[in-house]
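Some notes on the structure that comes next.
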Amino acid sequence: MLSHRTLVSLIALAWAVAAAAAVAAAATGNGRIAFARATCRSTCTWNLVTANADGSQQRLLAGPFGQDAFDNHFLANWSPDGTHLAFMAHQELWEVDADGSHLHVVFTPPTGTGVDDDPAFTPDGHHLVFTRCCPTGYGYSLWTINTDGSSLRDITTEPGGDNPPADTLPQVSPNGKLIVYNRCSNTCAVTIVDSNGHNPRRVSPEGIAVSTTGNFSPSSSEVVFSAHANADLRSSLWVIGADGTGLRQIVTPGLPCGGAKSDPNAVGCTQPRWSPNGRRIIFSGNGPAGSDLYTVDPDGRNLVQVTHDGEDDSPTWGSG
């Protein structure tokens, strides 16, 4: 029979272990991540992979896909409940369950039109927001569709013709009221529009070239994105208020994000996403050793390298 002192010691130890686990969870953020893994031999193929936030328990969900399956990046987004993901491949919108089952097409655009990378869920999980090009009267504009493939409708209306602006990489705010996206002409800018398509407004300042729009913080009050101040620099991580105020760079000691392109050790940091609890940001760091995933606090502290094979990018963070 355990003595009172031993029992108290075991209880204290259990509490200490639980507290350590809670601290570790807070340090890494909650939920699972998804990302693209490129395997390059004579040619490159991409797979959609999920893992815990520390990179453990990896699972292959879909692939392999060739370069012709997507445009700039092989991007996926989690459903709000973490049970499945959406992505674009071969000019179609797809969904797959988080265990790799039930891979299916949601939407095939009519001949002569197409869809772009990075379809994103609305907070209710019943709709996807994505870029579509180019039915009559439209350029690269944002559209929405039900996850059962019904009720296709436009959100923004970019004009067709030669070299019009392009609306790409949308992400919906957790409160469902706003959509952030890249609006690209000669350069790209972080732009926000009301979810009904009204009141589009540029958020990022002039003179900063946005490379990838990230997404909203859980409070819907801030947006994380990647950009470079001039063409001679690699991309680094930035945060700005949804109202366009409070621009700040996330400086990551130990990882030279945003260095000069002429510097062989510089790293381009792109595709940032917040963890569901808002305590961490995941992003892709592309440097001399290839592309790997990292997480960091929103203030730039506690940098952690998640993957180490030089083949991983396009991360997203889900609640599952």
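Residues are referred to by chain and number: the chain letter is A, B, ... according to the order shown in the structure tokens, the number counts from 1 in that chain, and ligands are numbered separately from 1 in the order shown.
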* To do: Would you return as a ChimeraX atom specification the members of region 106-288 of chain A that DSSP assigns to strand (DSSP E) on this structure's backbone?
  => /A:106-107,114-115,120-121,127-133,141-146,153-154,166-172,178-184,188-194,201-202,209-216,222-228,236-241,248-250,268-274,281-287
Mind dumping a table of every region 256-314 of chain A residue within 8 Å of region 32-51 of chain A, with the nearest atom pair and its distance in Å to one decimal, using only C-alpha atoms, sorted by chain and rising number, as JSON lines?
{"residue": "A:Glu311", "atom": "CA", "partner": "A:Ala38", "partner_atom": "CA", "distance": 5.1}
{"residue": "A:Asp312", "atom": "CA", "partner": "A:Arg37", "partner_atom": "CA", "distance": 4.5}
{"residue": "A:Asp313", "atom": "CA", "partner": "A:Ala36", "partner_atom": "CA", "distance": 5.4}
{"residue": "A:Ser314", "atom": "CA", "partner": "A:Phe35", "partner_atom": "CA", "distance": 5.3}
* Residue neighbourhood Pro264 (chain A), 10 Å, only C-alpha atoms, exclusion window fewer than 5 positions, as a VMD selection string -> chain A and resid 259 287 to 288
* Close residues, region 217-225 of chain A itself excluded, 10 Å, only C-alpha atoms, min 4 positions apart in chain, as a ChimeraX atom specification -> /A:171-178,180,182,190,192,203-204,210-213,235-250,269-279,281,283,298
* In Å to one decimal, how far is CA of Glu92 (chain A) from CA of Ala166 (chain A)? ->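 Value for the CA of Ala166 (chain A)-CA of Glu92 (chain A) distance: 18.6 Å.
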* Using only C-alpha atoms, which of A:Asp97, A:Pro165, A:Ile208, A:Asn146 sits nearest Leu60 (chain A)? ->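 Ranking A:Asp97, A:Pro165, A:Ile208, A:Asn146 by distance to Leu60 (chain A), first place goes to A:Asp97.
Of note, CA of Gly82 (chain A) and CA of Ala98 (chain A) are spaced 7.3 Å apart.
Closest approach to Asn52 (chain A) from the set A:Phe65, A:Gly197, A:Asp81, A:Asn30 is made by A:Asn30, with distances taken over only C-alpha atoms.
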* Asked: Near Pro256 (chain A), counting only C-alpha atoms, which residues have an atom at most 8 Å away, once you skip same-chain residues fewer than 6 positions from it, shown as number ranges by chain?
  -> A: 265-267
Please produce a file of those selected residues containing N, CA and C atoms, as a PDB file, in the first residue's frame.
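Done, and the output landed in result_14.pdb:
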ATOM      1  N   ASN A 265      23.387  32.508 -48.229  1.00  0.00           N
ATOM      2  CA  ASN A 265      22.811  31.971 -46.993  1.00  0.00           C
ATOM      3  C   ASN A 265      21.453  32.571 -46.645  1.00  0.00           C
ATOM      4  N   ALA A 266      20.996  33.525 -47.429  1.00  0.00           N
ATOM      5  CA  ALA A 266      19.711  34.162 -47.139  1.00  0.00           C
ATOM      6  C   ALA A 266      18.568  33.185 -47.374  1.00  0.00           C
ATOM      7  N   VAL A 267      17.477  33.417 -46.671  1.00  0.00           N
ATOM      8  CA  VAL A 267      16.310  32.537 -46.733  1.00  0.00           C
ATOM      9  C   VAL A 267      15.081  33.357 -47.115  1.00  0.00           C
TER      10      VAL A 267
END
